[in-house]
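Visitor: Contents of data_2.txt (compact mmCIF, C-alpha atoms) are given next:
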# COMPACT_ATOMS: atom_id res chain seq x y z
CA MET A 966 15.26 9.36 0.66
CA TYR A 967 14.89 5.60 0.79
CA PHE A 968 14.37 3.48 -2.29
CA ALA A 969 13.81 -0.25 -1.75
CA ASN A 970 13.32 -2.97 -4.30
CA ARG A 971 13.46 -5.72 -1.73
CA GLN A 972 10.41 -5.96 0.50
CA SER A 973 11.70 -8.08 3.35
CA GLY A 974 9.90 -8.95 6.56
CA ALA A 975 11.59 -5.98 8.22
CA SER A 976 10.37 -3.54 5.56
CA LEU A 977 6.84 -4.91 5.95
CA GLY A 978 7.04 -4.44 9.68
CA LEU A 979 6.16 -8.08 10.31
CA SER A 980 7.69 -10.99 12.16
CA GLU A 981 9.90 -13.24 10.03
CA ASN A 982 8.23 -16.25 11.67
CA SER A 983 4.73 -15.11 10.88
CA PRO A 984 2.68 -17.67 8.93
CA GLY A 985 1.12 -14.78 7.06
CA LEU A 986 4.45 -13.43 5.78
CA ALA A 987 5.50 -14.70 2.37
CA ASP A 988 9.17 -15.53 1.86
CA PRO A 989 10.47 -13.10 -0.79
CA ALA A 990 12.71 -15.82 -2.20
CA ARG A 991 9.61 -17.85 -3.07
CA ASN A 992 7.40 -14.94 -4.06
CA GLY A 993 7.85 -14.14 -7.72
CA ASN A 994 6.51 -10.60 -7.48
CA LEU A 995 9.21 -9.44 -5.04
CA ARG A 996 12.56 -8.44 -6.49
CA LEU A 997 15.65 -9.15 -4.43
CA GLU A 998 18.06 -6.38 -5.38
CA PRO A 999 19.53 -4.64 -2.32
CA ALA A 1000 18.04 -1.36 -1.20
CA THR A 1001 19.95 1.84 -1.98
CA ARG A 1002 19.94 5.26 -0.38
CA ALA A 1003 20.12 8.48 -2.39
CA GLY A 1004 20.95 11.78 -0.75
CA PRO A 1005 18.86 14.86 -1.60
CA GLY A 1006 21.67 16.41 -3.68
CA GLU A 1007 22.11 13.28 -5.76
CA PHE A 1008 18.40 12.95 -6.41
CA GLU A 1009 18.03 16.62 -7.32
CA GLY A 1010 20.81 16.14 -9.87
CA LEU A 1011 18.92 13.24 -11.44
CA VAL A 1012 15.75 15.32 -11.72
CA ARG A 1013 17.70 18.18 -13.24
CA ARG A 1014 19.15 15.80 -15.84
CA GLN A 1015 15.66 14.48 -16.62
CA LEU A 1016 14.53 18.02 -17.36
CA GLU A 1017 17.48 18.49 -19.69
CA LEU A 1018 16.71 15.22 -21.50
CA LEU A 1019 13.13 16.44 -22.00
CA GLY A 1020 14.52 19.49 -23.77
CA GLU A 1021 13.78 21.87 -20.92
CA ASN A 1022 15.99 24.52 -19.36
CA PRO A 1023 16.37 23.72 -15.63
CA GLU A 1024 17.50 27.31 -15.02
CA ARG A 1025 14.32 29.01 -16.14
CA GLU A 1026 12.24 30.54 -13.37
CA GLY A 1027 9.47 27.94 -13.27
CA LEU A 1028 11.89 25.00 -13.11
CA ARG A 1029 14.73 26.38 -11.01
CA ASN A 1030 13.43 24.83 -7.78
CA THR A 1031 11.72 21.84 -9.40
CA PRO A 1032 14.48 19.30 -8.57
CA GLU A 1033 14.20 20.17 -4.87
CA ARG A 1034 10.39 20.04 -4.99
CA VAL A 1035 10.35 16.67 -6.77
CA THR A 1036 12.84 15.25 -4.26
CA LYS A 1037 10.69 16.31 -1.32
CA SER A 1038 7.52 15.13 -3.05
CA LEU A 1039 8.82 11.63 -3.82
CA SER A 1040 10.28 11.33 -0.34
CA TRP A 1041 6.80 12.01 1.06
CA LEU A 1042 4.98 9.77 -1.41
CA THR A 1043 7.27 6.80 -0.68
CA ARG A 1044 7.66 7.27 3.06
CA GLY A 1045 6.05 3.88 3.64
CA TYR A 1046 9.41 2.19 3.02
CA GLY A 1047 10.68 3.55 6.31
CA THR A 1048 7.49 2.83 8.30
CA ASP A 1049 7.01 -0.22 10.53
CA VAL A 1050 3.51 -1.67 10.86
CA ARG A 1051 3.96 -2.64 14.50
CA GLU A 1052 5.13 0.87 15.39
CA VAL A 1053 2.10 2.32 13.61
CA VAL A 1054 -0.27 0.02 15.49
CA GLY A 1055 1.55 0.51 18.81
CA ASP A 1056 -0.50 -0.58 21.80
CA ALA A 1057 -3.86 -0.16 20.04
CA VAL A 1058 -4.66 -3.90 20.17
CA PHE A 1059 -7.18 -4.77 22.87
CA GLU A 1060 -8.55 -7.94 24.42
CA GLU A 1061 -12.22 -8.18 23.47
CA SER A 1062 -14.70 -11.04 23.16
CA HIS A 1063 -16.50 -9.58 20.12
CA GLU A 1064 -17.00 -12.38 17.57
CA SER A 1065 -18.75 -10.70 14.64
CA MET A 1066 -17.37 -8.89 11.63
CA VAL A 1067 -15.72 -5.49 12.10
CA MET A 1068 -15.54 -3.39 8.95
CA VAL A 1069 -14.09 -0.01 7.99
CA ARG A 1070 -14.98 0.95 4.45
CA ASP A 1071 -14.24 3.81 2.06
CA ILE A 1072 -10.68 4.34 3.31
CA GLU A 1073 -9.07 6.80 0.91
CA LEU A 1074 -5.75 5.67 -0.52
CA TYR A 1075 -3.17 7.23 -2.81
CA SER A 1076 -0.28 5.27 -4.25
CA MET A 1077 2.09 5.20 -7.22
CA CYS A 1078 2.21 2.56 -9.92
CA GLU A 1079 5.68 1.04 -10.00
CA HIS A 1080 5.52 0.52 -13.76
CA HIS A 1081 5.12 4.15 -14.84
CA MET A 1082 5.48 6.00 -11.53
CA LEU A 1083 2.08 7.59 -12.04
CA PRO A 1084 -0.53 7.80 -9.28
CA PHE A 1085 -3.40 5.47 -8.67
CA PHE A 1086 -6.01 6.25 -6.06
CA GLY A 1087 -9.31 5.05 -4.70
CA LYS A 1088 -10.79 3.36 -1.65
CA ALA A 1089 -10.05 0.36 0.52
CA HIS A 1090 -12.67 -1.66 2.40
CA ILE A 1091 -11.30 -3.75 5.27
CA ALA A 1092 -13.03 -6.26 7.53
CA TYR A 1093 -11.91 -8.85 10.04
CA ILE A 1094 -13.47 -11.30 12.46
CA PRO A 1095 -11.77 -11.03 15.87
CA ASP A 1096 -10.40 -13.99 17.77
CA GLY A 1097 -10.14 -12.41 21.21
CA LYS A 1098 -8.46 -9.17 20.04
CA ILE A 1099 -9.59 -6.02 18.26
CA ILE A 1100 -7.59 -3.13 16.85
CA GLY A 1101 -8.19 0.61 17.19
CA LEU A 1102 -10.27 1.60 14.17
CA SER A 1103 -7.94 4.41 13.11
CA LYS A 1104 -5.08 1.93 12.81
CA LEU A 1105 -6.63 0.23 9.78
CA PRO A 1106 -6.30 3.36 7.57
CA ARG A 1107 -2.76 3.80 8.93
CA ILE A 1108 -1.86 0.26 7.87
CA VAL A 1109 -3.23 1.06 4.42
CA ASP A 1110 -0.94 4.10 4.25
CA VAL A 1111 2.15 2.09 5.23
CA PHE A 1112 1.87 0.04 2.05
CA ALA A 1113 0.21 2.61 -0.23
CA HIS A 1114 3.13 5.00 0.28
CA ARG A 1115 5.50 2.82 -1.74
CA LEU A 1116 5.87 2.05 -5.41
CA GLN A 1117 3.13 -0.51 -5.85
CA VAL A 1118 0.83 -2.59 -7.97
CA GLN A 1119 -2.71 -2.76 -6.69
CA GLU A 1120 -2.71 -6.54 -6.53
CA ARG A 1121 0.27 -6.66 -4.17
CA LEU A 1122 -0.98 -3.71 -2.12
CA THR A 1123 -4.21 -5.58 -1.40
CA GLU A 1124 -2.37 -8.71 -0.27
CA GLU A 1125 0.12 -6.80 1.88
CA ILE A 1126 -2.63 -5.02 3.80
CA ALA A 1127 -4.44 -8.31 4.49
CA ARG A 1128 -1.20 -10.04 5.49
CA ALA A 1129 -0.26 -7.26 7.93
CA ILE A 1130 -3.66 -7.31 9.66
CA GLU A 1131 -3.47 -11.09 9.88
CA ASP A 1132 -0.04 -10.91 11.46
CA VAL A 1133 -0.89 -8.16 13.96
CA LEU A 1134 -4.26 -9.53 15.13
CA ALA A 1135 -4.30 -13.25 14.28
CA PRO A 1136 -8.05 -12.95 13.61
CA ARG A 1137 -10.39 -15.67 12.43
CA GLY A 1138 -10.52 -14.01 9.05
CA VAL A 1139 -9.54 -10.90 7.07
CA GLY A 1140 -11.05 -9.39 3.95
CA VAL A 1141 -9.68 -6.48 1.91
CA VAL A 1142 -11.16 -4.96 -1.24
CA ILE A 1143 -9.54 -2.08 -3.10
CA GLU A 1144 -11.17 -0.17 -5.93
CA ALA A 1145 -8.95 2.37 -7.70
CA VAL A 1146 -8.39 4.34 -10.86
CA HIS A 1147 -4.95 4.40 -12.47
CA LEU A 1148 -3.57 7.45 -14.23
CA CYS A 1149 -1.29 5.18 -16.27
CA MET A 1150 -4.50 4.01 -18.00
CA MET A 1151 -6.12 7.45 -18.11
CA MET A 1152 -3.34 9.86 -19.12
CA ARG A 1153 -1.42 7.55 -21.45
CA GLY A 1154 -1.70 4.19 -23.19
CA VAL A 1155 -5.32 3.19 -23.70
CA GLU A 1156 -6.55 6.52 -22.22
CA LYS A 1157 -9.72 5.04 -20.70
CA GLN A 1158 -11.25 7.56 -18.32
CA ASN A 1159 -14.01 5.50 -16.73
CA SER A 1160 -12.29 2.20 -15.98
CA LYS A 1161 -11.83 1.06 -12.39
CA THR A 1162 -9.68 -1.78 -11.05
CA ILE A 1163 -11.02 -3.90 -8.18
CA THR A 1164 -8.87 -6.35 -6.24
CA SER A 1165 -9.58 -8.49 -3.19
CA ALA A 1166 -7.68 -10.54 -0.63
CA LEU A 1167 -9.51 -13.04 1.57
CA ARG A 1168 -8.10 -14.92 4.55
CA GLY A 1169 -9.51 -17.47 6.99
CA GLU A 1170 -13.29 -17.46 7.33
CA PHE A 1171 -13.67 -14.91 4.55
CA ARG A 1172 -12.25 -17.46 2.14
CA GLU A 1173 -13.62 -20.63 3.73
CA CYS A 1174 -17.18 -19.61 4.61
CA PRO A 1175 -19.40 -18.63 1.65
CA MET A 1176 -21.90 -16.77 3.88
CA THR A 1177 -19.16 -14.66 5.52
CA ARG A 1178 -17.54 -13.95 2.17
CA ASP A 1179 -20.86 -12.94 0.62
CA GLU A 1180 -21.72 -10.65 3.55
CA PHE A 1181 -18.35 -8.92 3.31
CA LEU A 1182 -18.47 -8.44 -0.46
CA ARG A 1183 -22.04 -7.21 -0.27
CA LEU A 1184 -21.10 -4.59 2.33
CA ALA A 1185 -17.97 -3.60 0.40
CA ASN A 1186 -19.94 -3.11 -2.81
CA ARG A 1187 -22.57 -0.81 -1.33
CA GLY A 1188 -22.28 2.60 -2.94
Step by step, read the file and then write its structure as structure tokens.
Guide:
Amino acid sequence: MYFANRQSGASLGLSENSPGLADPARNGNLRLEPATRAGPGEFEGLVRRQLELLGENPEREGLRNTPERVTKSLSWLTRGYGTDVREVVGDAVFEESHESMVMVRDIELYSMCEHHMLPFFGKAHIAYIPDGKIIGLSKLPRIVDVFAHRLQVQERLTEEIARAIEDVLAPRGVGVVIEAVHLCMMMRGVEKQNSKTITSALRGEFRECPMTRDEFLRLANRG
């Protein structure tokens, strides 16, 4: 299992020289502690100890295999740390003269809040305006998964998806909107069941051109 606090250019799967890649040293929301690796046995021991601290008996039938299950589950839910965007995209970038907006909306996403390690989930809407290149449509949901399958905050997740598309395609513009519900607000704390968090990231023409931005946001907000 791989746990990373530092999100470097390599972990993002992007070129270090990319203009769309923020320098972690200048980005206040990226911590710089070195990454660590935990073996399955070590992690299972930590889960077992958590059960003990909760007052449970790790040897009872229902919990006996829980440390192994939790280890496998978290390894799957955070597999994005070991995934490279460029490997995910592969050769699915094509020369094409299309100049209008391309949009894939209602992309399901599941992630985990880094503050409480509880899930948040919802939909991503992604659009870009090509500049001589298009990407295979299925690669946009795969890029979402690369970053969603890490410990996240929704704000950073939105920016990372936009930044990755910008780096891979160098389009004239990128727009990303994510709408999600957070179990850390529903199961605990304020316990608000009907609240939804919406974040956006706009690049290039989506930020600079009011008509393009309005068209994108109108399409993204259609129910």
Visitor: Any idea what's packed within 12 Å of region 1026-1034 of chain A, counting only C-alpha atoms, ignoring anything in its chain fewer than 3 positions away? Could you give it as a list in words?
Guide: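 The contact residues come out as Gly1004, Pro1005, Gly1006, Glu1007, Phe1008, Glu1009, Gly1010, Leu1011, Val1012, Arg1013, Arg1014, Gln1015, Leu1016, Glu1017, Glu1021, Asn1022, Pro1023, Lys1037, Ser1038, Leu1039, Ser1040 and Trp1041 of chain A.
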Visitor: Pick the closest to Leu1074 (chain A) from A:Glu1173, A:Glu1024, A:Glu1144, A:Asp1096: which is it, counting all atoms listed in the file?
Guide: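 Among the listed residues, the smallest separation from Leu1074 (chain A) belongs to A:Glu1144.
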Visitor: By how many Å are CA of Arg1070 (chain A) and CA of His1114 (chain A) apart?
Guide: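 Separation between CA of Arg1070 (chain A) and CA of His1114 (chain A): 19.0 Å.
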Visitor: For CA of Val1053 (chain A) and CA of Ile1108 (chain A), determine how far apart the two atoms are, in Å to one decimal place.
Guide: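 CA of Ile1108 (chain A) lies 7.3 Å from CA of Val1053 (chain A).
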Visitor: Quick one, how far is CA of Cys1174 (chain A) from CA of Gly1101 (chain A)?
Guide: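 CA of Gly1101 (chain A) lies 25.5 Å from CA of Cys1174 (chain A).
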Visitor: I need the residue nearest Gly1169 (chain A) from this list: A:Val1118, A:Leu1083, A:Ala1135, A:Cys1078. Use only C-alpha atoms for the distance.
Guide: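 Among the listed residues, A:Ala1135 lies closest to Gly1169 (chain A).
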Visitor: With distances taken over only C-alpha atoms, which of A:Arg1168, A:Arg1183, A:His1063, A:Arg1178 is nearest to Gly1097 (chain A)?
Guide: A:His1063
Visitor: Counting only C-alpha atoms, what is within 9 Å of Gly1087 (chain A), bar same-chain residues fewer than 5 positions away, as a VMD selection string?
Guide: chain A and resid 1071 to 1075 1143 to 1147
Visitor: Write a file of the just-selected residues containing C-alpha atoms, as a PDB file, in the frame of the given file.
Guide:
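Written output follows (again-v4.pdb):
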ATOM      1  CA  ASP A1071     -14.240   3.810   2.060  1.00  0.00           C
ATOM      2  CA  ILE A1072     -10.680   4.340   3.310  1.00  0.00           C
ATOM      3  CA  GLU A1073      -9.070   6.800   0.910  1.00  0.00           C
ATOM      4  CA  LEU A1074      -5.750   5.670  -0.520  1.00  0.00           C
ATOM      5  CA  TYR A1075      -3.170   7.230  -2.810  1.00  0.00           C
ATOM      6  CA  ILE A1143      -9.540  -2.080  -3.100  1.00  0.00           C
ATOM      7  CA  GLU A1144     -11.170  -0.170  -5.930  1.00  0.00           C
ATOM      8  CA  ALA A1145      -8.950   2.370  -7.700  1.00  0.00           C
ATOM      9  CA  VAL A1146      -8.390   4.340 -10.860  1.00  0.00           C
ATOM     10  CA  HIS A1147      -4.950   4.400 -12.470  1.00  0.00           C
TER      11      HIS A1147
END
Visitor: Applying 10 Å and all atoms listed in the file, which residues near Ile1094 (chain A) remain after dropping the ones on its own chain fewer than 5 positions away? List them as a list in words.
Guide: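 My reading of the contact set: His1063, Glu1064, Ser1065, Met1066, Val1067, Met1068, Ile1099, Leu1134, Ala1135, Pro1136, Arg1137, Gly1138, Val1139, Gly1140, Gly1169, Glu1170, Phe1171 and Thr1177 of chain A.
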Visitor: Looking at A:Gln1158, A:Ser1103, A:Thr1164, A:Thr1048, which one is nearest to Ala1185 (chain A), with distances taken over all atoms listed in the file?
Guide: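 Selected residue with least distance to Ala1185 (chain A): A:Thr1164.
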Visitor: Between A:Leu1116, A:Gly1020, A:Arg1121, A:Leu1167, single out the one closest to Met1082 (chain A), counting all atoms listed in the file.
Guide: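 Closest candidate: A:Leu1116.
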Visitor: Between A:Ile1100, A:Ile1091, A:Met1176, A:Leu1182, which one has atoms that come closest to Val1141 (chain A), using all atoms listed in the file?
Guide: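 Closest to Val1141 (chain A) of all the choices is A:Ile1091.
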